[in-house]
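Worksheet: one structure, shown below.
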Amino acid sequence: MAFSNITIAGAGVLGSQIAYQTALSGFKVTIYDHNIESVKERLTALEPSYKHDLKLSDKELQAGMDNIVNVTTDLNDAVKDADYVIEALPESLAIKEEFYKELSAAAPKKTVFASNSSTFVPSQLVDYVDRPAKYLHMHFANMIWRHNVAEIMGTVQTDPTVYQEVVDFAKAIKMVPIELHKEQHGYVLNALLVPLLSSALQLWVKNVADPQTIDKDWMISTESPLGPFMILDQVGVRTSLQMVENFYAMTHNEVYKEIDAKLKEMAAAGHFGQESGQGFYHYPHPEFADPNFLEA
Ligand code: NAD
């Protein structure tokens with residue numbers, strides 16, 4: 001394994017999960033974040049899910065925490081021994097630009113850099129780094145301990161040896177590496193999922209069919225355990241609104257305005273999806289949990 005010391009830059013929703021998963025897998029982890037207090041809270045909050053979902057003992061969980069050897073606001077300190085830096089800072093080009101310029105100056109020449117960015121492709125950020133051959137993207141899905149894929153995407157400049165080292169690292173932290181051969185917005189998952197969710201929302205606002213009927217068709221016909229509106233309830237209305245507003249900005253198709261208005265009605269009523277107890281379904285006993293949901 002080429003990497004031992006891993007630095008996670010930005011330990012928010014995703015970075016905290018990446019840090020914990022990496023530490024639990026036996027790597028020495030340093031966290032760089034400008035808000036140390038919230039990082040500690042986030043890490044502690046992950047423990048019950050890991051315990052429940054992966055059946056880890058308290059001893060194993062503690063060993064993971066012990067591998068998080070440094071949590072710091074000082075970038076020079078955070079990367080002085082780093083073999084690999086995974087950046088999970090907010091999805092802002094300005095923040096990432098400033099970070100990569102500072103990181104390039106601070107990190108030893110050996111250090112490989114990866115971004116967890118969901119919406120940028122690596123060639124949009126590579127000009128900010130001093131080592132394009134050692135720069136690529138490693139994209140995780142939220143709740144990485146259960147949704148354990150790592151989508152790996154380089155630029156034409158990424159060194160194939162470095163790419164392979166990152167694939168090996170993904171396996172070492174119990175992710176299934178998804179190797180992309182070229183740049184693709186949305187990687188593989190969102191390139192598939194976003195059009196599906198967008199089509200489902202269009203069928204709904206055009207009143208072609210109601211959400212439950214659309215989900216039933218998808219589930220029965222493809223044997224999928226989830227329909228698109230069940231997924232939308234997990235994703236939440238806030239993220240769906242962002243997605244639809246981006247589509248409108250790109251296409252000026254009025255259907256996205258109609259979806260936007262309907263989703264805003266849901267938000268105004270406090271129906272944000274699963275987390276709020278209501279979205280397209282009612283929780284904690286959603287209609288699809290009825291054993292007869294898929295019957296006529
Ligand atoms: P977040 O806002 O939850 O976390 C960002 C973290 O960075 C916070 O802990 C914050 O304190 C810290 N931070 C902000 N600015 C900083 C700065 N200038 N210097 C140091 N620390 C700073 O964000 P997130 O949802 O975890 O997303 C992070 C990245 O991961 C984004 O690129 C996003 O596209 C990607 N991602 C997110 C998800 C998701 O479901 N949230 C899934 C996959 C990928």
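As shown in the structure tokens, the chain order sets the letters A, B, ...; within each chain, residues go from 1, and ligands are also counted from 1 in the order they appear.
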
Hey, which residues come within 9 Å of ligand 1 if we count only C-alpha atoms and all ligand atoms? Could you give them as a PyMOL selection string? chain A and resi 9-17+32-36+38-39+42+73+75+87-92+95-96+98-99+115-120+139-143+235

Can you list, as a ChimeraX atom specification, all residues belonging to range 88-279 of chain A that DSSP tags as alpha helix (DSSP H)? /A:93-106,160-172,189-205,211-222,228-235,237-251,254-268

Between CA of Asn76 in chain A and CA of Leu103 in chain A, what distance in Å does the model show, to one decimal?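 CA of Asn76 in chain A sits 8.0 Å away from CA of Leu103 in chain A.
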
Which value, in Å to one decimal, gives the distance between CA of Val79 in chain A and CA of Ala106 in chain A?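 Going from CA of Val79 in chain A over to CA of Ala106 in chain A covers 6.9 Å.
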
Surrounding residues of Ile31 in chain A excluding itself and chain neighbours under 2 positions, 7 Å, only C-alpha atoms, as a list in words: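 Here the qualifying residues turn out to be Thr7, Ile8, Ala9, Ala11, Val29, Asp33, Asn70, Val71, Thr72 and Ala78 of chain A.
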
Find the residues around Glu97 in chain A up to 10 Å (only C-alpha atoms counted), leave out those fewer than 5 positions away in its own chain, and share them as a PDB file with N, CA, C and O atoms, in the first residue's frame.
ATOM      1  N   SER A  92     -17.527  24.948  -3.608  1.00  0.00           N
ATOM      2  CA  SER A  92     -17.354  26.314  -4.101  1.00  0.00           C
ATOM      3  C   SER A  92     -16.017  26.378  -4.818  1.00  0.00           C
ATOM      4  O   SER A  92     -14.976  25.998  -4.255  1.00  0.00           O
ATOM      5  N   GLU A 102      -2.833  26.833  -1.682  1.00  0.00           N
ATOM      6  CA  GLU A 102      -2.121  26.747  -0.394  1.00  0.00           C
ATOM      7  C   GLU A 102      -1.572  25.337  -0.175  1.00  0.00           C
ATOM      8  O   GLU A 102      -0.452  25.153   0.301  1.00  0.00           O
ATOM      9  N   LEU A 103      -2.381  24.348  -0.522  1.00  0.00           N
ATOM     10  CA  LEU A 103      -1.966  22.953  -0.329  1.00  0.00           C
ATOM     11  C   LEU A 103      -0.718  22.644  -1.159  1.00  0.00           C
ATOM     12  O   LEU A 103       0.209  21.980  -0.686  1.00  0.00           O
ATOM     13  N   GLN A 124     -11.478  20.897 -14.079  1.00  0.00           N
ATOM     14  CA  GLN A 124     -11.890  22.244 -13.646  1.00  0.00           C
ATOM     15  C   GLN A 124     -11.041  22.732 -12.469  1.00  0.00           C
ATOM     16  O   GLN A 124     -11.051  23.917 -12.169  1.00  0.00           O
ATOM     17  N   LEU A 125     -10.358  21.827 -11.782  1.00  0.00           N
ATOM     18  CA  LEU A 125      -9.591  22.207 -10.595  1.00  0.00           C
ATOM     19  C   LEU A 125      -8.086  21.995 -10.763  1.00  0.00           C
ATOM     20  O   LEU A 125      -7.296  22.533  -9.999  1.00  0.00           O
ATOM     21  N   VAL A 126      -7.709  21.225 -11.779  1.00  0.00           N
ATOM     22  CA  VAL A 126      -6.305  20.775 -11.862  1.00  0.00           C
ATOM     23  C   VAL A 126      -5.326  21.937 -12.023  1.00  0.00           C
ATOM     24  O   VAL A 126      -4.176  21.850 -11.574  1.00  0.00           O
ATOM     25  N   ASP A 127      -5.774  23.049 -12.604  1.00  0.00           N
ATOM     26  CA  ASP A 127      -4.847  24.176 -12.786  1.00  0.00           C
ATOM     27  C   ASP A 127      -4.448  24.828 -11.465  1.00  0.00           C
ATOM     28  O   ASP A 127      -3.513  25.620 -11.425  1.00  0.00           O
ATOM     29  N   TYR A 128      -5.168  24.528 -10.378  1.00  0.00           N
ATOM     30  CA  TYR A 128      -4.827  25.117  -9.078  1.00  0.00           C
ATOM     31  C   TYR A 128      -3.746  24.321  -8.343  1.00  0.00           C
ATOM     32  O   TYR A 128      -3.299  24.737  -7.282  1.00  0.00           O
ATOM     33  N   VAL A 129      -3.381  23.133  -8.881  1.00  0.00           N
ATOM     34  CA  VAL A 129      -2.381  22.324  -8.180  1.00  0.00           C
ATOM     35  C   VAL A 129      -1.044  22.372  -8.921  1.00  0.00           C
ATOM     36  O   VAL A 129      -0.998  22.592 -10.131  1.00  0.00           O
TER      37      VAL A 129
END
